[in-house]
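Participant: Pasting final39.txt here (compact mmCIF, C-alpha atoms and all ligand atoms):
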```
# COMPACT_ATOMS: atom_id res chain seq x y z
CA MET A 1 4.24 -20.62 -13.34
CA TYR A 2 1.31 -18.80 -14.95
CA ASN A 3 1.61 -16.74 -18.14
CA PHE A 4 2.04 -13.04 -17.43
CA ASN A 5 2.76 -9.58 -18.84
CA PHE A 6 5.18 -7.47 -16.85
CA TYR A 7 5.17 -3.71 -17.40
CA ASN A 8 6.60 -1.07 -15.11
CA PRO A 9 7.67 2.24 -16.64
CA THR A 10 8.41 4.22 -13.43
CA GLN A 11 11.92 5.71 -13.33
CA ILE A 12 13.43 5.59 -9.85
CA PHE A 13 15.82 8.22 -8.45
CA PHE A 14 17.09 6.60 -5.27
CA GLY A 15 19.32 8.18 -2.62
CA LYS A 16 20.28 11.28 -0.67
CA ASP A 17 20.18 14.86 -1.90
CA ARG A 18 18.83 14.21 -5.36
CA LEU A 19 15.82 16.54 -5.41
CA ASN A 20 17.72 19.04 -7.58
CA GLU A 21 17.39 16.41 -10.35
CA LEU A 22 13.65 17.09 -10.48
CA SER A 23 14.53 19.70 -13.10
CA LYS A 24 15.71 16.88 -15.40
CA VAL A 25 12.31 15.22 -15.46
CA ILE A 26 9.83 18.11 -15.34
CA PRO A 27 10.28 20.25 -18.48
CA GLU A 28 10.80 24.02 -18.18
CA GLY A 29 7.80 26.18 -18.89
CA VAL A 30 5.12 23.71 -17.80
CA LYS A 31 2.40 24.38 -15.26
CA VAL A 32 2.90 22.04 -12.30
CA LEU A 33 0.51 21.32 -9.44
CA ILE A 34 2.34 20.07 -6.32
CA LEU A 35 0.03 17.95 -4.15
CA PHE A 36 0.71 17.20 -0.50
CA GLY A 37 -0.91 16.08 2.75
CA GLY A 38 -1.73 17.68 6.07
CA GLY A 39 1.49 19.67 6.39
CA SER A 40 4.42 17.38 7.27
CA VAL A 41 6.21 18.36 4.05
CA VAL A 42 5.77 22.03 4.96
CA ARG A 43 6.96 21.54 8.56
CA PHE A 44 10.01 19.50 7.62
CA GLY A 45 11.10 21.60 4.65
CA THR A 46 10.57 19.06 1.85
CA LEU A 47 8.09 21.26 -0.01
CA GLU A 48 10.53 24.17 -0.01
CA LYS A 49 13.32 21.94 -1.38
CA VAL A 50 11.04 20.69 -4.14
CA LYS A 51 9.98 24.20 -5.12
CA SER A 52 13.51 25.55 -5.25
CA ALA A 53 14.53 22.62 -7.49
CA LEU A 54 11.99 23.75 -10.07
CA PRO A 55 12.77 27.27 -11.31
CA ASN A 56 11.20 28.41 -14.59
CA ARG A 57 8.06 26.34 -14.13
CA THR A 58 4.73 27.76 -13.01
CA LEU A 59 4.10 26.11 -9.66
CA PHE A 60 0.72 25.75 -7.94
CA GLU A 61 0.09 24.01 -4.62
CA PHE A 62 -2.71 21.79 -3.33
CA GLY A 63 -2.35 20.76 0.33
CA GLY A 64 -4.65 18.96 2.73
CA ILE A 65 -4.90 15.48 1.22
CA GLU A 66 -5.82 13.41 4.26
CA PRO A 67 -4.76 9.83 5.12
CA ASN A 68 -7.10 7.47 3.24
CA PRO A 69 -7.72 10.29 0.74
CA HIS A 70 -11.30 11.35 0.17
CA TYR A 71 -12.97 11.74 -3.19
CA GLU A 72 -14.36 15.19 -2.27
CA THR A 73 -10.93 16.55 -1.33
CA LEU A 74 -9.43 15.22 -4.54
CA MET A 75 -12.20 16.74 -6.64
CA ASN A 76 -11.14 20.16 -5.34
CA ALA A 77 -7.70 19.45 -6.83
CA VAL A 78 -9.37 18.33 -10.07
CA ASP A 79 -11.18 21.71 -10.22
CA MET A 80 -7.83 23.47 -9.86
CA VAL A 81 -6.20 21.37 -12.59
CA LYS A 82 -9.04 22.13 -14.99
CA LYS A 83 -9.23 25.84 -14.15
CA LEU A 84 -5.49 26.47 -14.34
CA ASP A 85 -4.73 24.11 -17.26
CA VAL A 86 -2.19 22.24 -15.18
CA GLU A 87 0.10 20.05 -17.32
CA PHE A 88 2.01 18.04 -14.72
CA LEU A 89 1.25 16.77 -11.20
CA LEU A 90 3.87 16.21 -8.51
CA ALA A 91 2.87 14.21 -5.41
CA VAL A 92 5.02 14.93 -2.34
CA GLY A 93 4.08 12.59 0.50
CA GLY A 94 3.09 9.06 1.46
CA GLY A 95 0.70 6.57 -0.11
CA SER A 96 -2.36 8.74 0.48
CA VAL A 97 -0.94 11.73 -1.39
CA ILE A 98 0.39 9.54 -4.21
CA ASP A 99 -2.89 7.59 -4.54
CA GLY A 100 -4.84 10.85 -4.45
CA THR A 101 -2.63 12.28 -7.20
CA LYS A 102 -3.26 9.19 -9.35
CA PHE A 103 -6.99 9.76 -9.02
CA VAL A 104 -6.63 13.48 -9.82
CA SER A 105 -4.51 12.55 -12.84
CA LEU A 106 -7.38 10.53 -14.31
CA ALA A 107 -10.37 12.50 -13.03
CA SER A 108 -9.01 15.76 -14.45
CA THR A 109 -9.57 14.44 -17.96
CA CYS A 110 -13.26 13.57 -17.60
CA SER A 111 -16.59 14.91 -16.32
CA LYS A 112 -17.60 14.80 -12.67
CA SER A 113 -20.09 12.01 -13.29
CA ASP A 114 -17.43 9.99 -15.12
CA SER A 115 -15.09 10.47 -12.14
CA LEU A 116 -17.70 8.74 -9.97
CA THR A 117 -18.03 5.93 -12.51
CA LEU A 118 -14.23 5.63 -12.42
CA LEU A 119 -14.35 5.30 -8.64
CA PHE A 120 -17.23 2.84 -8.38
CA LYS A 121 -16.79 0.77 -11.55
CA GLY A 122 -13.11 1.14 -12.41
CA PHE A 123 -10.93 2.49 -15.18
CA GLY A 124 -12.44 0.33 -17.94
CA ALA A 125 -15.88 1.85 -17.39
CA VAL A 126 -14.78 5.30 -18.69
CA PRO A 127 -13.38 4.55 -22.17
CA GLN A 128 -12.43 8.10 -23.20
CA ILE A 129 -10.36 8.80 -20.08
CA LYS A 130 -6.74 9.96 -20.30
CA ALA A 131 -4.26 10.96 -17.58
CA ILE A 132 -2.26 14.06 -16.70
CA PRO A 133 1.38 12.91 -16.30
CA PHE A 134 2.70 12.86 -12.75
CA GLY A 135 5.75 12.05 -10.65
CA THR A 136 6.30 11.51 -6.94
CA VAL A 137 8.61 12.43 -4.06
CA LEU A 138 8.08 9.72 -1.45
CA THR A 139 8.12 10.57 2.27
CA LEU A 140 6.73 7.33 3.77
CA PRO A 141 7.87 3.83 2.77
CA ALA A 142 4.89 1.46 2.94
CA THR A 143 2.43 1.18 0.09
CA GLY A 144 4.59 0.77 -3.02
CA SER A 145 2.31 3.36 -4.65
CA GLU A 146 5.46 5.18 -5.84
CA MET A 147 6.09 2.35 -8.35
CA ASN A 148 2.69 0.84 -9.07
CA ALA A 149 -0.49 1.85 -10.83
CA GLY A 150 -3.02 1.40 -8.01
CA ALA A 151 -4.84 3.97 -5.90
CA VAL A 152 -7.14 3.47 -2.91
CA ILE A 153 -9.74 6.24 -2.55
CA SER A 154 -12.30 6.78 0.21
CA TYR A 155 -15.91 7.71 -0.48
CA GLY A 156 -18.38 7.86 2.39
CA ASP A 157 -17.66 4.85 4.58
CA SER A 158 -16.08 2.82 1.77
CA LYS A 159 -12.66 2.49 0.16
CA PHE A 160 -12.39 1.79 -3.56
CA VAL A 161 -9.37 0.53 -5.51
CA VAL A 162 -8.71 2.26 -8.86
CA MET A 163 -6.15 0.60 -11.15
CA SER A 164 -5.11 1.69 -14.63
CA PRO A 165 -2.15 1.32 -16.98
CA LEU A 166 -2.06 5.16 -17.18
CA THR A 167 -1.32 5.71 -13.48
CA TYR A 168 2.24 4.53 -13.12
CA PRO A 169 4.27 7.51 -11.92
CA LYS A 170 6.64 8.81 -14.63
CA PHE A 171 9.30 8.95 -11.94
CA SER A 172 9.69 8.63 -8.19
CA PHE A 173 12.34 10.19 -5.96
CA LEU A 174 13.11 7.86 -3.06
CA ASP A 175 15.35 9.72 -0.63
CA PRO A 176 15.43 7.66 2.59
CA SER A 177 16.52 10.72 4.60
CA LEU A 178 13.18 12.44 3.79
CA THR A 179 11.54 9.72 5.89
CA PHE A 180 13.64 10.34 9.05
CA THR A 181 10.91 12.60 10.45
CA LEU A 182 8.31 9.81 10.57
CA PRO A 183 6.97 8.96 14.03
CA ALA A 184 7.61 5.37 15.23
CA THR A 185 4.02 4.33 14.59
CA GLN A 186 4.27 5.26 10.90
CA ILE A 187 7.59 3.41 10.51
CA ALA A 188 5.91 0.36 12.03
CA ASN A 189 2.95 0.80 9.69
CA GLY A 190 5.33 0.84 6.75
CA VAL A 191 7.06 -2.38 7.80
CA VAL A 192 3.75 -4.20 8.32
CA ASP A 193 2.12 -2.92 5.12
CA ALA A 194 5.11 -3.98 3.00
CA PHE A 195 5.24 -7.35 4.81
CA VAL A 196 1.57 -8.05 4.12
CA HIS A 197 1.92 -6.97 0.47
CA VAL A 198 4.49 -9.72 0.03
CA ILE A 199 2.33 -12.21 1.91
CA GLU A 200 -0.71 -11.51 -0.31
CA GLN A 201 1.39 -12.53 -3.33
CA TYR A 202 3.25 -15.42 -1.69
CA VAL A 203 1.19 -17.34 0.90
CA THR A 204 -1.32 -18.76 -1.61
CA TYR A 205 -0.58 -22.12 -3.31
CA PRO A 206 2.59 -23.25 -5.09
CA VAL A 207 2.94 -22.82 -8.87
CA ALA A 208 6.70 -23.41 -9.13
CA GLY A 209 7.54 -19.69 -9.21
CA ALA A 210 11.04 -20.05 -7.85
CA PHE A 211 12.11 -16.46 -8.59
CA GLN A 212 8.91 -15.05 -7.11
CA ASP A 213 9.10 -17.25 -3.99
CA ASN A 214 12.78 -16.67 -3.28
CA THR A 215 12.43 -12.92 -3.83
CA ALA A 216 9.32 -12.75 -1.64
CA GLU A 217 11.11 -14.69 1.11
CA GLY A 218 14.10 -12.37 0.80
CA ILE A 219 11.93 -9.28 1.29
CA LEU A 220 10.12 -10.85 4.26
CA LYS A 221 13.42 -11.78 5.93
CA ASN A 222 14.78 -8.28 5.32
CA LEU A 223 11.71 -6.70 6.90
CA ILE A 224 11.92 -8.99 9.93
CA GLU A 225 15.60 -8.15 10.29
CA ILE A 226 15.34 -4.37 9.95
CA GLY A 227 11.82 -3.63 11.25
CA LYS A 228 12.48 -3.15 14.95
CA LYS A 229 16.01 -1.84 14.36
CA THR A 230 14.65 0.93 12.12
CA ILE A 231 12.21 2.03 14.80
CA ASP A 232 14.94 1.96 17.47
CA ASN A 233 17.49 3.78 15.26
CA PRO A 234 15.40 6.36 13.44
CA MET A 235 18.37 8.26 12.01
CA ASP A 236 20.22 5.23 10.61
CA TYR A 237 20.48 5.80 6.85
CA ASP A 238 21.25 2.23 5.81
CA LEU A 239 18.36 0.77 7.77
CA ARG A 240 16.00 3.35 6.29
CA ALA A 241 17.33 2.86 2.76
CA ASN A 242 16.61 -0.84 3.06
CA LEU A 243 13.11 -0.23 4.37
CA VAL A 244 12.36 2.11 1.47
CA TRP A 245 13.65 -0.22 -1.24
CA ASN A 246 12.06 -3.35 0.23
CA ALA A 247 8.70 -1.58 0.52
CA THR A 248 8.88 -0.39 -3.09
CA MET A 249 9.82 -3.83 -4.39
CA ALA A 250 7.08 -5.47 -2.32
CA LEU A 251 4.33 -4.05 -4.54
CA ASN A 252 5.59 -3.04 -7.97
CA GLY A 253 4.44 -6.11 -9.91
CA LEU A 254 7.73 -8.01 -9.68
CA ILE A 255 6.94 -10.76 -7.16
CA GLY A 256 3.26 -11.00 -8.10
CA SER A 257 3.79 -11.77 -11.80
CA GLY A 258 3.03 -15.35 -12.77
CA VAL A 259 1.75 -16.43 -9.35
CA PRO A 260 -1.68 -16.50 -7.64
CA GLN A 261 -2.56 -13.53 -5.44
CA ASP A 262 -4.86 -13.35 -2.43
CA TRP A 263 -5.67 -9.76 -1.25
CA SER A 264 -8.46 -10.80 1.13
CA THR A 265 -6.57 -9.40 4.15
CA HIS A 266 -6.49 -6.04 2.34
CA MET A 267 -10.15 -6.10 1.32
CA ILE A 268 -11.35 -6.93 4.85
CA GLY A 269 -8.81 -4.46 6.28
CA HIS A 270 -10.11 -1.65 4.04
CA GLU A 271 -13.54 -2.09 5.64
CA LEU A 272 -12.00 -1.77 9.12
CA THR A 273 -10.33 1.48 8.08
CA ALA A 274 -13.44 2.84 6.40
CA HIS A 275 -15.77 2.09 9.34
CA PHE A 276 -13.52 2.54 12.36
CA GLY A 277 -10.65 4.76 11.17
CA ILE A 278 -7.94 2.18 11.92
CA ASP A 279 -4.66 2.90 10.06
CA HIS A 280 -4.30 0.75 6.93
CA ALA A 281 -1.34 -1.31 8.19
CA LYS A 282 -2.93 -1.84 11.60
CA SER A 283 -6.05 -3.23 9.93
CA LEU A 284 -3.84 -5.78 8.14
CA ALA A 285 -2.09 -6.78 11.36
CA ILE A 286 -5.49 -7.58 12.87
CA VAL A 287 -6.83 -9.58 9.92
CA LEU A 288 -3.83 -11.59 8.70
CA PRO A 289 -3.06 -13.82 11.72
CA SER A 290 -6.74 -14.52 12.23
CA LEU A 291 -7.29 -15.27 8.53
CA TRP A 292 -4.44 -17.80 8.65
CA GLU A 293 -5.88 -19.43 11.77
CA ILE A 294 -9.18 -19.94 9.96
CA ARG A 295 -7.77 -20.78 6.50
CA LYS A 296 -4.61 -22.72 7.30
CA ASP A 297 -5.78 -25.83 5.50
CA LYS A 298 -6.27 -23.90 2.25
CA LYS A 299 -2.79 -22.42 2.47
CA ARG A 300 -1.04 -25.45 3.96
CA ASP A 301 1.82 -25.90 1.47
CA LYS A 302 2.77 -22.25 1.34
CA LEU A 303 2.40 -21.74 5.10
CA MET A 304 4.83 -24.62 5.62
CA GLN A 305 7.28 -23.12 3.13
CA PHE A 306 6.92 -19.75 4.90
CA ALA A 307 7.51 -21.41 8.28
CA GLU A 308 10.64 -23.22 7.14
CA ARG A 309 12.24 -20.70 4.82
CA VAL A 310 11.31 -17.36 6.42
CA TRP A 311 11.15 -18.24 10.12
CA GLY A 312 13.58 -21.20 10.00
CA ILE A 313 11.13 -23.44 11.89
CA THR A 314 12.30 -27.05 11.81
CA GLU A 315 9.63 -28.85 13.88
CA ILE A 316 8.79 -32.26 12.49
CA ASN A 317 5.05 -31.92 13.03
CA ASP A 318 3.47 -29.86 10.21
CA ASP A 319 0.63 -28.48 12.31
CA ILE A 320 3.02 -27.25 14.97
CA LYS A 321 5.17 -25.71 12.24
CA ILE A 322 2.24 -23.75 10.80
CA ASN A 323 0.93 -22.65 14.20
CA LEU A 324 4.38 -21.44 15.16
CA ALA A 325 4.72 -19.46 11.92
CA ILE A 326 1.39 -17.75 12.59
CA SER A 327 2.26 -16.90 16.19
CA LYS A 328 5.73 -15.66 15.23
CA THR A 329 4.16 -13.35 12.63
CA ARG A 330 1.70 -11.99 15.20
CA ASP A 331 4.57 -11.49 17.68
CA PHE A 332 6.58 -9.69 15.00
CA PHE A 333 3.76 -7.16 14.43
CA GLU A 334 3.32 -6.71 18.19
CA SER A 335 7.10 -6.24 18.64
CA LEU A 336 6.81 -3.21 16.34
CA GLY A 337 4.14 -1.73 18.61
CA ILE A 338 1.21 -2.75 16.40
CA LYS A 339 -1.69 -4.41 18.17
CA THR A 340 -3.28 -7.39 16.44
CA ARG A 341 -6.72 -7.75 18.07
CA LEU A 342 -9.95 -5.89 17.22
CA SER A 343 -10.56 -5.36 20.93
CA ASP A 344 -7.24 -3.44 21.15
CA TYR A 345 -8.93 -0.81 18.97
CA GLY A 346 -12.21 -0.77 20.90
CA ILE A 347 -14.11 -2.87 18.36
CA LYS A 348 -16.75 -5.22 19.72
CA ALA A 349 -18.62 -8.27 18.41
CA GLU A 350 -21.67 -6.17 17.49
CA ASP A 351 -19.52 -3.96 15.21
CA ILE A 352 -18.64 -6.86 12.92
CA GLU A 353 -21.93 -6.66 11.03
CA LYS A 354 -20.90 -3.27 9.57
CA VAL A 355 -17.80 -4.83 8.06
CA ILE A 356 -19.76 -7.74 6.62
CA ASN A 357 -22.33 -5.34 5.11
CA GLY A 358 -19.51 -3.28 3.61
CA LEU A 359 -18.00 -6.37 1.96
CA LYS A 360 -21.43 -7.48 0.77
CA SER A 361 -22.27 -4.10 -0.79
CA LYS A 362 -19.12 -4.32 -2.92
CA GLY A 363 -19.76 -7.89 -3.95
CA PHE A 364 -16.78 -9.26 -2.01
CA THR A 365 -18.47 -12.61 -1.44
CA GLY A 366 -15.73 -14.79 -2.93
CA LEU A 367 -12.35 -13.36 -1.91
CA SER A 368 -8.85 -14.89 -1.98
CA GLU A 369 -6.67 -16.76 -4.49
CA SER A 370 -9.28 -19.49 -4.66
CA LYS A 371 -12.31 -17.14 -4.70
CA ASP A 372 -14.05 -19.14 -1.99
CA LEU A 373 -13.65 -16.88 1.03
CA THR A 374 -17.33 -16.19 1.59
CA LEU A 375 -18.98 -13.57 3.80
CA GLU A 376 -19.49 -16.27 6.43
CA ILE A 377 -15.75 -16.99 6.46
CA SER A 378 -15.00 -13.25 6.66
CA ARG A 379 -17.30 -13.14 9.67
CA LYS A 380 -15.44 -16.04 11.31
CA ILE A 381 -12.12 -14.33 10.67
CA LEU A 382 -13.35 -11.15 12.34
CA GLU A 383 -14.91 -12.98 15.30
CA ASN A 384 -11.66 -14.89 15.75
CA ALA A 385 -9.78 -11.54 15.71
CA LEU A 386 -11.74 -10.00 18.59
O1 LIG A 401 -0.46 14.34 5.87
P1 LIG A 401 0.89 14.65 6.39
O2 LIG A 401 0.96 15.85 7.26
O3 LIG A 401 1.93 14.65 5.30
O4 LIG A 401 1.27 13.44 7.42
C1 LIG A 401 1.31 12.08 7.02
C2 LIG A 401 0.10 11.29 7.50
O5 LIG A 401 -0.48 11.86 8.64
C3 LIG A 401 2.46 11.43 7.74
N1 LIG A 401 3.75 11.53 7.05
C4 LIG A 401 4.04 11.18 5.77
N2 LIG A 401 5.34 11.37 5.53
C5 LIG A 401 5.89 11.87 6.67
C6 LIG A 401 4.88 11.99 7.64
N3 LIG A 401 5.10 12.45 8.89
C7 LIG A 401 6.37 12.80 9.20
N4 LIG A 401 7.39 12.70 8.32
C8 LIG A 401 7.20 12.25 7.05
N5 LIG A 401 8.25 12.08 6.21
O6 LIG A 401 2.09 10.06 7.81
C9 LIG A 401 0.67 9.95 7.91
C10 LIG A 401 0.18 8.81 7.05
O7 LIG A 401 0.40 9.08 5.69
P2 LIG A 401 -0.28 8.17 4.56
O8 LIG A 401 0.17 8.68 3.24
O9 LIG A 401 -1.75 8.08 4.79
O10 LIG A 401 0.33 6.72 4.85
P3 LIG A 401 0.65 5.51 3.91
O11 LIG A 401 1.82 5.78 3.04
O12 LIG A 401 0.70 4.34 4.80
O13 LIG A 401 -0.61 5.41 2.93
C11 LIG A 401 -1.81 4.78 3.31
C12 LIG A 401 -2.80 4.81 2.17
O14 LIG A 401 -2.32 4.03 1.04
C13 LIG A 401 -3.32 3.08 0.65
C14 LIG A 401 -4.04 2.81 1.95
O15 LIG A 401 -5.29 2.20 1.74
C15 LIG A 401 -4.14 4.20 2.56
O16 LIG A 401 -5.20 4.90 1.98
N6 LIG A 401 -2.68 1.95 -0.01
C16 LIG A 401 -2.25 2.13 -1.27
C17 LIG A 401 -1.71 1.11 -2.03
C18 LIG A 401 -1.25 1.31 -3.41
N7 LIG A 401 -1.46 2.48 -3.99
O17 LIG A 401 -0.70 0.40 -4.02
C19 LIG A 401 -1.57 -0.24 -1.49
C20 LIG A 401 -1.73 -0.32 -0.01
O18 LIG A 401 -2.13 -1.63 0.30
C21 LIG A 401 -2.70 0.64 0.57
O19 LIG A 401 -4.03 0.13 0.48
ZN ZN A 402 -1.36 -2.38 1.97
```
Represent the structure contained in this file as structure tokens.
Ligand code: NZQ
Ligand code: ZN
Facilitator:
Amino acid sequence: MYNFNFYNPTQIFFGKDRLNELSKVIPEGVKVLILFGGGSVVRFGTLEKVKSALPNRTLFEFGGIEPNPHYETLMNAVDMVKKLDVEFLLAVGGGSVIDGTKFVSLASTCSKSDSLTLLFKGFGAVPQIKAIPFGTVLTLPATGSEMNAGAVISYGDSKFVVMSPLTYPKFSFLDPSLTFTLPATQIANGVVDAFVHVIEQYVTYPVAGAFQDNTAEGILKNLIEIGKKTIDNPMDYDLRANLVWNATMALNGLIGSGVPQDWSTHMIGHELTAHFGIDHAKSLAIVLPSLWEIRKDKKRDKLMQFAERVWGITEINDDIKINLAISKTRDFFESLGIKTRLSDYGIKAEDIEKVINGLKSKGFTGLSESKDLTLEISRKILENAL
């Protein structure tokens, strides 16, 4: 196992009917900006519940944060924070709203040009930056953003990852019943995104991380067990509670500490979202099976472990074992209603160049746990995914 630091300060309030406890964690008298998306929290009453849980605070609202949140939209929220001297931010929504709020939290403490440096070059490039404290009320289990410090922000036809030790939420309210209103396609997205987060931290190469491996395998098996059932039983509290908690645990630093991490499926997937508007999770479902088909020799030991311990495949022949694990994973995504081929989304061979250029412009020429996934290999993965 590698050396590691583990730090995660986010306080979790898990369970039904707990929004009234927001008043315990947002002090009286402060100016709060509530940030939300395109209106689901208005339509389904969550915004109203949040507001009535916060008497004696000055509340402002910023709605309209889109999926794959855009820099320009977020900078309008930054203007509001600066103009109104907002002291606390509260994200009410899914990963896009939470990620957007993280960016607003940082960008509100620096100049506009520094906010662009933050986006393009990362947190370390703006030394004087601070962060406005923020909390979250989660409405979509998927990204783990409610308990991690990362944010993915769109600018033009690119997506940038911003990470900082200052952008862990102070708290997150995870009420599974707030997610009952999700359409089936978003539930499926959540299952697949959480699944691939675990995979990025697990199907690499072995370093004797027994806790990390067993926990990763546990989350994967849980997601396989509850994924379809959650879609088919959208009002089942226990299923939803398990989806929420597994998704949070999939990307909060726990299973990734002390082990190699890949993230090439995400980096290639981000380009598919940025250029073709494919949902984040759907982009991952396209890239992952194809990436494994191309890179199975690199990941041989862990793919065999995944085949045996997650899928229970007992074939004697190792190649058959690995191929079966890949096809079972593809079938799992498809069983949730998520298509796994580029052509299913109308993308053709001639479109692949845009993705390769996007990766090239960001310097993603050596992706993966072994840093040897070149642009040529990315191209093969995409061609194989057509
Ligand atoms: O905008 P509204 O009207 O709220 O509707 C949203 C949106 O259209 C809707 N929705 C959310 N909660 C709902 C609901 N509809 C009905 N009932 C509810 N309870 O769902 C749609 C999608 O929301 P979004 O927040 O975009 O989805 P998700 O949580 O999947 O977030 C995706 C974003 O997170 C980034 C992705 O790149 C993408 O930008 N990621 C963030 C990560 C992180 N911070 O660690 C890691 C991930 O790998 C990912 O990259
Ligand atoms: Zn993801």
Participant: Quick one: residues within 12 Å of Ile153 of chain A, only C-alpha atoms, excluding same-chain residues fewer than 6 positions away - as number ranges by chain?
Facilitator: A: 65-75, 95-104, 115-116, 118-120, 122, 159-163, 270, 273-274
Participant: Those same residues - C-alpha atoms - I'd like them written as a PDB file, keeping the file's coordinate frame.
Facilitator:
```pdb
ATOM      1  CA  ILE A  65      -4.900  15.480   1.220  1.00  0.00           C
ATOM      2  CA  GLU A  66      -5.820  13.410   4.260  1.00  0.00           C
ATOM      3  CA  PRO A  67      -4.760   9.830   5.120  1.00  0.00           C
ATOM      4  CA  ASN A  68      -7.100   7.470   3.240  1.00  0.00           C
ATOM      5  CA  PRO A  69      -7.720  10.290   0.740  1.00  0.00           C
ATOM      6  CA  HIS A  70     -11.300  11.350   0.170  1.00  0.00           C
ATOM      7  CA  TYR A  71     -12.970  11.740  -3.190  1.00  0.00           C
ATOM      8  CA  GLU A  72     -14.360  15.190  -2.270  1.00  0.00           C
ATOM      9  CA  THR A  73     -10.930  16.550  -1.330  1.00  0.00           C
ATOM     10  CA  LEU A  74      -9.430  15.220  -4.540  1.00  0.00           C
ATOM     11  CA  MET A  75     -12.200  16.740  -6.640  1.00  0.00           C
ATOM     12  CA  GLY A  95       0.700   6.570  -0.110  1.00  0.00           C
ATOM     13  CA  SER A  96      -2.360   8.740   0.480  1.00  0.00           C
ATOM     14  CA  VAL A  97      -0.940  11.730  -1.390  1.00  0.00           C
ATOM     15  CA  ILE A  98       0.390   9.540  -4.210  1.00  0.00           C
ATOM     16  CA  ASP A  99      -2.890   7.590  -4.540  1.00  0.00           C
ATOM     17  CA  GLY A 100      -4.840  10.850  -4.450  1.00  0.00           C
ATOM     18  CA  THR A 101      -2.630  12.280  -7.200  1.00  0.00           C
ATOM     19  CA  LYS A 102      -3.260   9.190  -9.350  1.00  0.00           C
ATOM     20  CA  PHE A 103      -6.990   9.760  -9.020  1.00  0.00           C
ATOM     21  CA  VAL A 104      -6.630  13.480  -9.820  1.00  0.00           C
ATOM     22  CA  SER A 115     -15.090  10.470 -12.140  1.00  0.00           C
ATOM     23  CA  LEU A 116     -17.700   8.740  -9.970  1.00  0.00           C
ATOM     24  CA  LEU A 118     -14.230   5.630 -12.420  1.00  0.00           C
ATOM     25  CA  LEU A 119     -14.350   5.300  -8.640  1.00  0.00           C
ATOM     26  CA  PHE A 120     -17.230   2.840  -8.380  1.00  0.00           C
ATOM     27  CA  GLY A 122     -13.110   1.140 -12.410  1.00  0.00           C
ATOM     28  CA  LYS A 159     -12.660   2.490   0.160  1.00  0.00           C
ATOM     29  CA  PHE A 160     -12.390   1.790  -3.560  1.00  0.00           C
ATOM     30  CA  VAL A 161      -9.370   0.530  -5.510  1.00  0.00           C
ATOM     31  CA  VAL A 162      -8.710   2.260  -8.860  1.00  0.00           C
ATOM     32  CA  MET A 163      -6.150   0.600 -11.150  1.00  0.00           C
ATOM     33  CA  HIS A 270     -10.110  -1.650   4.040  1.00  0.00           C
ATOM     34  CA  THR A 273     -10.330   1.480   8.080  1.00  0.00           C
ATOM     35  CA  ALA A 274     -13.440   2.840   6.400  1.00  0.00           C
TER      36      ALA A 274
END
```
Participant: With 9 Å as the threshold, what does the neighbourhood of (14.7, -1.4, 4.5) contain in terms of residues, counting all atoms listed in the file? Coordinates are those of the file; answer as a list in words.
Facilitator: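 Protein and nucleic acid residues near the point are Pro141, Val191, Ile219, Asn222, Leu223, Glu225, Ile226, Gly227, Thr230, Asp238, Leu239, Arg240, Ala241, Asn242, Leu243, Val244, Trp245, Asn246 and Ala247 of chain A.
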Participant: Under the rule that only C-alpha atoms are counted, which of A:Leu33, A:Leu375, A:Ala184, A:Val41 is the nearest residue to Ile132 of chain A?
Facilitator: A:Leu33
Participant: Could you please extract the residues within 6 Å of ligand ZN 402 (chain A), counting all atoms listed in the file, and hand them back as a list in words?
Facilitator: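 Taking all atoms listed in the file into account, the residues around ligand ZN 402 (chain A) at most 6 Å away are Thr143, Asp193 and His197 of chain A.
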Participant: Those same residues, written as a PDB file, in the coordinates of the input with C-alpha atoms?
Facilitator:
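Contents of the output file out.pdb:
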```
ATOM      1  CA  THR A 143       2.430   1.180   0.090  1.00  0.00           C
ATOM      2  CA  ASP A 193       2.120  -2.920   5.120  1.00  0.00           C
ATOM      3  CA  HIS A 197       1.920  -6.970   0.470  1.00  0.00           C
TER       4      HIS A 197
END
```
Participant: Residues at most 7 Å from segment 284-296 of chain A, counting all atoms listed in the file, excluding those fewer than 4 positions away in the same chain, as JSON, numbers by chain?
Facilitator: {"A": [265, 266, 269, 280, 300, 326, 330, 333, 340, 341, 342, 381, 384, 385]}
Participant: Around all listed atoms of ligand LIG 401 (chain A), padded 3 Å per side, what centre and edge lengths does the axis-aligned box have in Å to one decimal, as AutoDock Vina command-line options?
Facilitator:
```
--center_x 1.5 --center_y 7.1 --center_z 2.6 --size_x 19.5 --size_y 23.5 --size_z 19.2
```
